Amino acid sequence: MTDNAYRLILASASPARRALLKGAGIDPEIIVSGVDESVVEADDAYTTSLALARMKARTVAADLPADPGALVLGCDSVLAFEGEVLGKPADAEEAAARWMAMRGKSGVLHTGHHLTGLVSGRQAEAVGTTTVYFADVSDEEIAAYVASGEPLQVAGAFTLDGRGGAFVERIEGDPGNVIGLSLPLLRRLLAEMDVPITALWRH
């Protein structure tokens, strides 16, 4: 724990999001929301990502004791690819089929961010959007990647900060957003709630 006036509670089990925050000098408390993501049905990835982020943050906030310095952050990433909304693949077969379709093409990764002040009730939210260009990977590379298990754990069936990073040629936008959390976007949301991001830095 820090002796800061503010504490950030991350409503996510994602180790990548936690690592991004820690790398930026913020030690978040982790409380997994446990929300059923399948209950959100939206026609586009942008709306889906924000609805899920909002649900995660509000679910965790509702169960916490009052603390005026507590801020709950919910995030959710969804890939928009050729008119489809892609979260985590259901199984290895689906992950492989996605990569067969995505290779050599591009998709748009949307990450919803929702911030709730526990006592103030103030809220701020936005979606980070990054275009991802996939390498024209071989069948053998896809099979090996799916066999590693990594694509089964993440939205869009790829990572930027893991083995999948070798299969992404380039991106347009914030790389952190692809990993799961945009630090510049978080800074702006905090500012909307009159909290400087520096107030969350560990001492």
# chains A, B, ... in the order shown; residues from 1 in each chain; ligands from 1

call {"tool": "select_by_dssp", "arguments": {"residues": "segment 12-125 of chain A", "states": "alpha helix (DSSP H)", "output": "number ranges by chain"}}
result
A: 15-23, 45-62, 92-102

call {"tool": "residues_around", "arguments": {"residues": "segment 33-39 of chain A", "least_positions_apart": "6", "cutoff": "10 Å", "atoms": "only C-alpha atoms", "output": "ChimeraX atom specification"}}
result
/A:10-13,48,51-53,55-61,63,74,76,87

call {"tool": "write_last_selection", "arguments": {"atoms": "C-alpha atoms", "output": "PDB file, in the first residue's frame"}}
result
ATOM      1  CA  LEU A  10      -8.361  -2.330 -11.122  1.00  0.00           C
ATOM      2  CA  ALA A  11     -11.493  -4.361 -11.864  1.00  0.00           C
ATOM      3  CA  SER A  12      -9.605  -6.834 -14.047  1.00  0.00           C
ATOM      4  CA  ALA A  13      -7.680 -10.080 -13.741  1.00  0.00           C
ATOM      5  CA  THR A  48     -19.254  -3.473 -26.522  1.00  0.00           C
ATOM      6  CA  ALA A  51     -20.328  -1.352 -21.917  1.00  0.00           C
ATOM      7  CA  LEU A  52     -18.165  -4.164 -20.512  1.00  0.00           C
ATOM      8  CA  ALA A  53     -15.655  -1.750 -18.949  1.00  0.00           C
ATOM      9  CA  MET A  55     -20.122  -3.032 -16.005  1.00  0.00           C
ATOM     10  CA  LYS A  56     -16.833  -4.296 -14.533  1.00  0.00           C
ATOM     11  CA  ALA A  57     -16.086  -1.017 -12.722  1.00  0.00           C
ATOM     12  CA  ARG A  58     -19.600  -0.538 -11.363  1.00  0.00           C
ATOM     13  CA  THR A  59     -19.890  -4.165 -10.200  1.00  0.00           C
ATOM     14  CA  VAL A  60     -16.682  -3.901  -8.162  1.00  0.00           C
ATOM     15  CA  ALA A  61     -17.522  -0.412  -6.854  1.00  0.00           C
ATOM     16  CA  ASP A  63     -19.301  -4.092  -3.229  1.00  0.00           C
ATOM     17  CA  GLY A  74     -12.748  -1.088 -15.528  1.00  0.00           C
ATOM     18  CA  ASP A  76     -12.268  -4.291 -21.710  1.00  0.00           C
ATOM     19  CA  GLY A  87     -13.504 -11.058 -27.884  1.00  0.00           C
TER      20      GLY A  87
END

call {"tool": "closest_atom_pairs", "arguments": {"of": "segment 37-127 of chain A", "to": "segment 160-170 of chain A", "cutoff": "12 Å", "atoms": "only C-alpha atoms", "output": "Markdown table"}}
result
| residue | atom | partner | partner_atom | distance |
| --- | --- | --- | --- | --- |
| A:Trp99 | CA | A:Phe167 | CA | 10.0 |
| A:Met102 | CA | A:Val168 | CA | 10.6 |
| A:Arg103 | CA | A:Phe167 | CA | 8.5 |
| A:Gly104 | CA | A:Glu169 | CA | 9.0 |
| A:Lys105 | CA | A:Glu169 | CA | 10.0 |
| A:Ser106 | CA | A:Val168 | CA | 9.4 |
| A:Gly107 | CA | A:Val168 | CA | 10.8 |
| A:Leu109 | CA | A:Leu160 | CA | 11.4 |

call {"tool": "residues_around", "arguments": {"residues": "Ala45 of chain A", "least_positions_apart": "5", "cutoff": "10 Å", "atoms": "only C-alpha atoms", "output": "PyMOL selection string"}}
result
chain A and resi 50-51+77-81+83-87+108-112

call {"tool": "atom_distance", "arguments": {"atom1": "atom CA of Asp43 of chain A", "atom2": "atom CA of Tyr133 of chain A"}}
result
22.7 Å

call {"tool": "closest_residue", "arguments": {"among": "A:Leu64, A:Leu115, A:Ala70, A:Ile142", "to": "Leu200 of chain A", "atoms": "only C-alpha atoms"}}
result
A:Ala70

call {"tool": "select_by_dssp", "arguments": {"residues": "segment 63-189 of chain A", "states": "strand (DSSP E)", "output": "ChimeraX atom specification"}}
result
/A:70-81,84-86,106-117,123-134,168-172

call {"tool": "closest_residue", "arguments": {"among": "A:Asp67, A:Gly128, A:Glu93, A:Ala157", "to": "Gly176 of chain A", "atoms": "only C-alpha atoms"}}
result
A:Gly128

call {"tool": "atom_distance", "arguments": {"atom1": "atom CA of Leu118 of chain A", "atom2": "atom CA of Glu29 of chain A"}}
result
14.0 Å

call {"tool": "closest_residue", "arguments": {"among": "A:Ser182, A:Asp27, A:Ala126, A:Pro196", "to": "Tyr46 of chain A", "atoms": "only C-alpha atoms"}}
result
A:Ala126

call {"tool": "atom_distance", "arguments": {"atom1": "atom CA of Gln153 of chain A", "atom2": "atom CA of Ala92 of chain A"}}
result
10.5 Å

call {"tool": "closest_residue", "arguments": {"among": "A:Ile179, A:Leu21, A:Ile26, A:Val72", "to": "Arg122 of chain A", "atoms": "only C-alpha atoms"}}
result
A:Val72
